[in-house]
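Data file: structure_6.tsv. Format and content: TSV, C-alpha atoms.
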```
chain	number	residue	atom	x	y	z
A	29	MET	CA	9.52	-3.30	6.76
A	30	ALA	CA	8.84	-2.32	10.38
A	31	GLU	CA	6.64	-4.54	12.50
A	32	PHE	CA	2.97	-3.73	12.99
A	33	THR	CA	1.94	-1.98	16.15
A	34	ALA	CA	-0.96	-3.66	17.92
A	35	ASP	CA	-3.37	-1.06	16.48
A	36	GLN	CA	-2.04	-1.47	12.93
A	37	ALA	CA	-2.19	-5.27	13.17
A	38	ALA	CA	-5.80	-5.06	14.36
A	39	VAL	CA	-6.74	-2.75	11.50
A	40	ALA	CA	-4.95	-4.95	8.95
A	41	SER	CA	-6.54	-8.09	10.35
A	42	ALA	CA	-10.04	-6.62	10.42
A	43	MET	CA	-9.79	-5.16	6.95
A	44	ALA	CA	-8.13	-8.22	5.38
A	45	VAL	CA	-10.90	-10.48	6.66
A	46	GLN	CA	-13.69	-8.08	5.71
A	47	PRO	CA	-12.85	-6.59	2.31
A	48	SER	CA	-16.51	-5.73	1.77
A	49	ALA	CA	-16.22	-3.14	4.55
A	50	VAL	CA	-13.99	-0.94	2.36
A	51	GLU	CA	-15.76	1.48	0.07
A	52	THR	CA	-14.56	0.98	-3.52
A	53	PRO	CA	-14.40	3.56	-6.33
A	54	GLU	CA	-17.63	2.06	-7.65
A	55	GLY	CA	-19.41	2.61	-4.31
A	56	PRO	CA	-20.61	0.06	-1.76
A	57	PRO	CA	-20.09	-3.59	-2.67
A	58	ALA	CA	-22.93	-5.24	-4.55
A	59	ALA	CA	-24.66	-8.36	-3.29
A	60	PRO	CA	-22.85	-11.48	-4.54
A	61	GLN	CA	-24.23	-13.27	-7.57
A	62	ALA	CA	-25.39	-16.86	-7.19
A	63	ALA	CA	-22.46	-18.12	-9.29
A	64	GLU	CA	-20.00	-16.24	-7.09
A	65	GLU	CA	-21.43	-17.84	-3.97
A	66	ALA	CA	-20.60	-21.29	-5.32
A	67	LEU	CA	-16.90	-20.42	-5.58
A	68	PRO	CA	-14.71	-20.98	-2.51
A	69	LYS	CA	-14.01	-17.76	-0.62
A	70	ARG	CA	-10.42	-16.54	-0.93
A	71	ASP	CA	-8.89	-14.27	1.66
A	72	TYR	CA	-6.09	-13.15	-0.65
A	73	ARG	CA	-5.57	-11.55	-4.05
A	74	ASP	CA	-3.45	-12.69	-6.98
A	75	PHE	CA	-0.24	-10.99	-8.01
A	76	ASP	CA	0.28	-9.81	-11.57
A	77	PRO	CA	-0.09	-12.94	-13.79
A	78	ARG	CA	3.47	-12.33	-15.03
A	79	HIS	CA	4.72	-13.54	-11.62
A	80	LYS	CA	4.60	-17.09	-13.03
A	81	GLU	CA	7.14	-16.34	-15.79
A	82	SER	CA	10.55	-17.91	-15.50
A	83	PHE	CA	13.11	-15.69	-13.74
A	84	ALA	CA	11.56	-12.30	-14.63
A	85	GLY	CA	8.39	-13.37	-12.81
A	86	LEU	CA	10.16	-12.76	-9.50
A	87	LEU	CA	9.83	-9.04	-10.22
A	88	TYR	CA	6.07	-9.36	-9.72
A	89	VAL	CA	5.97	-11.53	-6.58
A	90	GLY	CA	4.81	-9.22	-3.80
A	91	GLN	CA	3.51	-6.53	-6.14
A	92	LEU	CA	-0.04	-5.50	-5.35
A	93	ASP	CA	-1.91	-2.26	-5.71
A	94	ASP	CA	-5.21	-1.03	-4.38
A	95	GLU	CA	-7.69	1.67	-5.22
A	96	PHE	CA	-10.19	2.94	-2.68
A	97	VAL	CA	-12.30	5.94	-1.82
A	98	LEU	CA	-11.46	7.81	1.36
A	99	TYR	CA	-13.27	10.96	2.45
A	100	GLY	CA	-14.79	11.24	-1.03
A	101	HIS	CA	-11.48	11.01	-2.92
A	102	LYS	CA	-10.10	8.06	-4.90
A	103	PHE	CA	-6.61	6.94	-3.85
A	104	ARG	CA	-4.32	4.42	-5.51
A	105	ILE	CA	-1.46	2.81	-3.59
A	106	ALA	CA	1.04	0.12	-4.57
A	107	THR	CA	3.67	-1.95	-2.82
A	108	PRO	CA	7.14	-0.46	-3.31
A	109	ARG	CA	10.41	-2.16	-4.24
A	110	GLN	CA	13.01	-2.81	-1.57
A	111	THR	CA	15.37	-0.09	-2.84
A	112	GLU	CA	12.55	2.41	-2.42
A	113	ARG	CA	11.80	1.15	1.10
A	114	LEU	CA	15.43	1.59	2.08
A	115	GLN	CA	15.28	5.29	1.19
A	116	ILE	CA	12.97	5.92	4.17
A	117	GLY	CA	15.81	5.63	6.71
A	118	PRO	CA	18.15	8.27	5.28
A	119	MET	CA	15.24	10.52	4.35
A	120	THR	CA	13.79	10.57	7.88
A	121	ARG	CA	17.17	10.65	9.68
A	122	GLU	CA	16.82	14.36	10.49
A	123	PHE	CA	13.70	13.53	12.53
A	124	GLN	CA	15.30	10.68	14.47
A	125	ASP	CA	15.02	11.01	18.27
A	126	THR	CA	12.61	13.95	17.98
A	127	SER	CA	8.96	14.25	18.85
A	128	THR	CA	8.15	14.22	15.12
A	129	GLN	CA	9.94	10.95	14.28
A	130	GLU	CA	6.70	8.95	14.02
A	131	LEU	CA	5.00	11.66	11.93
A	132	ALA	CA	7.94	11.71	9.50
A	133	TYR	CA	7.95	7.92	9.22
A	134	GLN	CA	4.21	7.80	8.51
A	135	ALA	CA	4.45	10.56	5.90
A	136	ALA	CA	7.41	8.78	4.26
A	137	VAL	CA	5.49	5.48	4.08
A	138	VAL	CA	2.47	7.23	2.58
A	139	ALA	CA	4.72	9.00	0.05
A	140	LEU	CA	6.30	5.66	-0.83
A	141	TYR	CA	3.03	3.79	-1.46
A	142	LEU	CA	0.85	6.58	-2.83
A	143	ILE	CA	0.55	6.55	-6.62
A	144	SER	CA	-2.38	8.85	-7.38
A	145	ILE	CA	-5.25	10.85	-5.93
A	146	ASP	CA	-8.45	11.23	-7.95
A	147	GLY	CA	-6.60	9.88	-11.00
A	148	GLN	CA	-3.80	12.45	-10.77
A	149	GLU	CA	-0.35	11.03	-10.19
A	150	LEU	CA	1.77	12.60	-7.49
A	151	PRO	CA	4.34	15.12	-8.74
A	152	GLN	CA	7.56	13.52	-10.01
A	153	PRO	CA	10.98	15.16	-9.86
A	154	VAL	CA	12.73	16.51	-12.92
A	155	LEU	CA	16.14	14.88	-12.54
A	156	LEU	CA	18.50	12.81	-14.64
A	157	ASN	CA	18.02	9.92	-12.21
A	158	ILE	CA	14.41	10.11	-11.07
A	159	LYS	CA	14.85	7.48	-8.33
A	160	ASP	CA	17.33	9.70	-6.47
A	161	GLY	CA	14.79	12.39	-5.62
A	162	ALA	CA	11.38	10.84	-6.25
A	163	LEU	CA	10.68	9.77	-2.69
A	164	ARG	CA	12.02	13.01	-1.21
A	165	ASP	CA	9.82	15.06	-3.56
A	166	ARG	CA	6.75	12.93	-2.81
A	167	PHE	CA	7.54	13.09	0.93
A	168	ASN	CA	7.72	16.89	0.77
A	169	TRP	CA	4.49	17.00	-1.25
A	170	VAL	CA	2.67	14.74	1.23
A	171	CYS	CA	3.92	16.80	4.20
A	172	GLU	CA	2.94	20.09	2.58
A	173	ASN	CA	-0.43	19.06	1.12
A	174	ILE	CA	-2.02	16.20	3.04
A	175	ARG	CA	-3.32	16.70	6.56
A	176	ARG	CA	-2.77	14.36	9.49
A	177	PRO	CA	-6.13	12.46	9.49
A	178	ILE	CA	-5.67	11.50	5.85
A	179	ILE	CA	-2.03	10.52	6.37
A	180	ASN	CA	-3.13	8.31	9.28
A	181	ALA	CA	-5.82	6.61	7.18
A	182	LEU	CA	-3.48	6.13	4.19
A	183	PHE	CA	-0.75	4.76	6.47
A	184	ASP	CA	-3.22	2.14	7.74
A	185	LYS	CA	-4.17	1.27	4.15
A	186	CYS	CA	-0.48	0.71	3.33
A	187	TRP	CA	-0.19	-1.85	6.15
A	188	ILE	CA	-3.41	-3.51	5.03
A	189	LEU	CA	-1.95	-3.88	1.53
A	190	GLU	CA	1.18	-5.46	3.06
A	191	ALA	CA	-1.05	-7.89	4.99
A	192	GLU	CA	-2.68	-8.83	1.67
A	193	VAL	CA	0.76	-9.52	0.18
A	194	ASP	CA	1.54	-11.79	3.13
A	195	ALA	CA	-1.81	-13.61	2.78
A	196	THR	CA	-1.20	-14.13	-0.94
A	197	LEU	CA	2.32	-15.46	-0.34
A	198	GLU	CA	1.02	-17.80	2.35
A	199	ALA	CA	-1.71	-19.10	0.02
A	200	MET	CA	0.84	-19.61	-2.76
A	201	GLY	CA	3.01	-21.59	-0.36
A	202	LYS	CA	0.10	-23.82	0.66
A	203	ALA	CA	-0.84	-24.39	-2.98
A	204	SER	CA	2.67	-25.48	-3.94
A	205	ALA	CA	3.11	-27.79	-0.92
```

What would the structure in this file look like if it were written as structure tokens?
Amino acid sequence: MAEFTADQAAVASAMAVQPSAVETPEGPPAAPQAAEEALPKRDYRDFDPRHKESFAGLLYVGQLDDEFVLYGHKFRIATPRQTERLQIGPMTREFQDTSTQELAYQAAVVALYLISIDGQELPQPVLLNIKDGALRDRFNWVCENIRRPIINALFDKCWILEAEVDATLEAMGKASA
């Protein structure tokens, strides 16, 4: 994926270190229980437990999702597969070298990661091969229905989720060394 800008890296770093600062669907975080305080603090999350399975487990390494409340609405995002990520280039090509290139890229990333809003999944295309048009349809839906401040905030959340993937992979590497 593209490298973080300095602002995005700062947001990801601040949020990854302070997960209690993010409002969850259940509201503000509760005070930790005494038993929880005795456990060592982890700065990463676990992947799907199936990631440990032989061969097929590789499908789950790097897969994380997140649910959070933003401006009073519950959003769910998830890390995409590489084939989905690669669709961003061709889809945003028409905006290349224009003043809207960055806006198109941010909307495409949000469309790629965004799974649902307030429990409602984003519209899916009606095609024989759903993968061919899914990102384009979600991109169009995001561009037509979500305003800039929300796209900006969701874009930052996508990079934070990627930082969590990196932290988890790093912790897994340390544990296996």

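Between atom CA of Gln134 of chain A and atom CA of Leu86 of chain A the separation is 28.0 Å.
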
Exercise for the section: Determine the nearest neighbour of Met200 of chain A from the options A:Ile145, A:Ile174, A:Ala106, A:Val89, counting only C-alpha atoms. Expected result: A:Val89

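Atom pair atom CA of Ser144 of chain A / atom CA of Arg104 of chain A: separated by 5.2 Å.
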
Exercise for the section: Please indicate the distance in Å from atom CA of Leu87 of chain A to atom CA of Leu163 of chain A, rounded to one decimal place. Expected result: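 Going from atom CA of Leu87 of chain A over to atom CA of Leu163 of chain A covers 20.3 Å.
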
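Among A:Val193, A:Val137, A:Asp165, A:Gly117, the residue with the shortest atom-to-atom distance to Tyr88 of chain A, counting all atoms listed in the file, is A:Val193.
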
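With distances restricted to all atoms listed in the file, A:Asp93 is the closest residue to Pro108 of chain A from A:Asp93, A:Glu122, A:Glu198, A:Glu149.
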
Taking every listed atom of segment 89-95 of chain A and adding 6 Å to each side, what centre and edge lengths in Å (one decimal) does the axis-aligned box have, as AutoDock Vina command-line options?
```
--center_x -0.9 --center_y -4.9 --center_z -5.2 --size_x 25.7 --size_y 25.2 --size_z 14.8
```

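For the choices A:Leu98, A:Ile116, A:Ala162, A:Ala132, the atom-to-atom distance to Leu182 of chain A is smallest for A:Leu98 when using only C-alpha atoms.
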
Exercise for the section: Can you work out which one of A:Pro151, A:Pro177, A:Gly100, A:Gly90 has the shortest atom-to-atom distance to Leu131 of chain A, counting all atoms listed in the file? Expected result: A:Pro177

Problem - Shell of 12 Å around Asn173 of chain A, all atoms listed in the file, local chain residues under 5 positions omitted, as a PyMOL selection string - result: chain A and resi 135+139+145+150-151+165-168+178-179

Fill in the blank from the handout: Nearest to Glu95 of chain A, restricted to only C-alpha atoms and choosing among A:Asp146, A:Glu112, A:Glu172, A:Asp184, comes out as A:Asp146

Where atoms are absent from segment 123-139 of chain A, fill them in so it carries N, CA and C atoms, then output it as a PDB file, in the coordinates of the input.
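Below you can see out_16.pdb, which holds the result:
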```pdb
ATOM      1  N   PHE A 123      14.773  13.536  11.535  1.00  0.00           N
ATOM      2  CA  PHE A 123      13.700  13.530  12.530  1.00  0.00           C
ATOM      3  C   PHE A 123      13.940  12.511  13.644  1.00  0.00           C
ATOM      4  N   GLN A 124      15.007  11.719  13.508  1.00  0.00           N
ATOM      5  CA  GLN A 124      15.300  10.680  14.470  1.00  0.00           C
ATOM      6  C   GLN A 124      15.489  11.273  15.864  1.00  0.00           C
ATOM      7  N   ASP A 125      14.937  10.594  16.860  1.00  0.00           N
ATOM      8  CA  ASP A 125      15.020  11.010  18.270  1.00  0.00           C
ATOM      9  C   ASP A 125      14.395  12.388  18.516  1.00  0.00           C
ATOM     10  N   THR A 126      13.374  12.714  17.737  1.00  0.00           N
ATOM     11  CA  THR A 126      12.610  13.950  17.980  1.00  0.00           C
ATOM     12  C   THR A 126      11.156  13.575  18.197  1.00  0.00           C
ATOM     13  N   SER A 127      10.386  14.522  18.620  1.00  0.00           N
ATOM     14  CA  SER A 127       8.960  14.250  18.850  1.00  0.00           C
ATOM     15  C   SER A 127       8.200  14.064  17.540  1.00  0.00           C
ATOM     16  N   THR A 128       8.817  14.370  16.412  1.00  0.00           N
ATOM     17  CA  THR A 128       8.150  14.220  15.120  1.00  0.00           C
ATOM     18  C   THR A 128       8.628  12.995  14.337  1.00  0.00           C
ATOM     19  N   GLN A 129       9.394  12.129  14.967  1.00  0.00           N
ATOM     20  CA  GLN A 129       9.940  10.950  14.280  1.00  0.00           C
ATOM     21  C   GLN A 129       8.817  10.076  13.705  1.00  0.00           C
ATOM     22  N   GLU A 130       7.797   9.788  14.483  1.00  0.00           N
ATOM     23  CA  GLU A 130       6.700   8.950  14.020  1.00  0.00           C
ATOM     24  C   GLU A 130       5.926   9.624  12.882  1.00  0.00           C
ATOM     25  N   LEU A 131       5.703  10.930  12.997  1.00  0.00           N
ATOM     26  CA  LEU A 131       5.000  11.660  11.930  1.00  0.00           C
ATOM     27  C   LEU A 131       5.782  11.589  10.618  1.00  0.00           C
ATOM     28  N   ALA A 132       7.093  11.760  10.704  1.00  0.00           N
ATOM     29  CA  ALA A 132       7.940  11.710   9.500  1.00  0.00           C
ATOM     30  C   ALA A 132       7.908  10.319   8.888  1.00  0.00           C
ATOM     31  N   TYR A 133       7.982   9.290   9.728  1.00  0.00           N
ATOM     32  CA  TYR A 133       7.950   7.920   9.220  1.00  0.00           C
ATOM     33  C   TYR A 133       6.622   7.637   8.512  1.00  0.00           C
ATOM     34  N   GLN A 134       5.507   8.028   9.124  1.00  0.00           N
ATOM     35  CA  GLN A 134       4.210   7.800   8.510  1.00  0.00           C
ATOM     36  C   GLN A 134       4.075   8.545   7.185  1.00  0.00           C
ATOM     37  N   ALA A 135       4.514   9.782   7.142  1.00  0.00           N
ATOM     38  CA  ALA A 135       4.450  10.560   5.900  1.00  0.00           C
ATOM     39  C   ALA A 135       5.337   9.933   4.831  1.00  0.00           C
ATOM     40  N   ALA A 136       6.503   9.416   5.219  1.00  0.00           N
ATOM     41  CA  ALA A 136       7.410   8.780   4.260  1.00  0.00           C
ATOM     42  C   ALA A 136       6.786   7.497   3.701  1.00  0.00           C
ATOM     43  N   VAL A 137       6.150   6.705   4.550  1.00  0.00           N
ATOM     44  CA  VAL A 137       5.490   5.480   4.080  1.00  0.00           C
ATOM     45  C   VAL A 137       4.366   5.826   3.117  1.00  0.00           C
ATOM     46  N   VAL A 138       3.554   6.802   3.465  1.00  0.00           N
ATOM     47  CA  VAL A 138       2.470   7.230   2.580  1.00  0.00           C
ATOM     48  C   VAL A 138       3.041   7.712   1.250  1.00  0.00           C
ATOM     49  N   ALA A 139       4.101   8.504   1.285  1.00  0.00           N
ATOM     50  CA  ALA A 139       4.720   9.000   0.050  1.00  0.00           C
ATOM     51  C   ALA A 139       5.252   7.842  -0.791  1.00  0.00           C
TER      52      ALA A 139
END
```
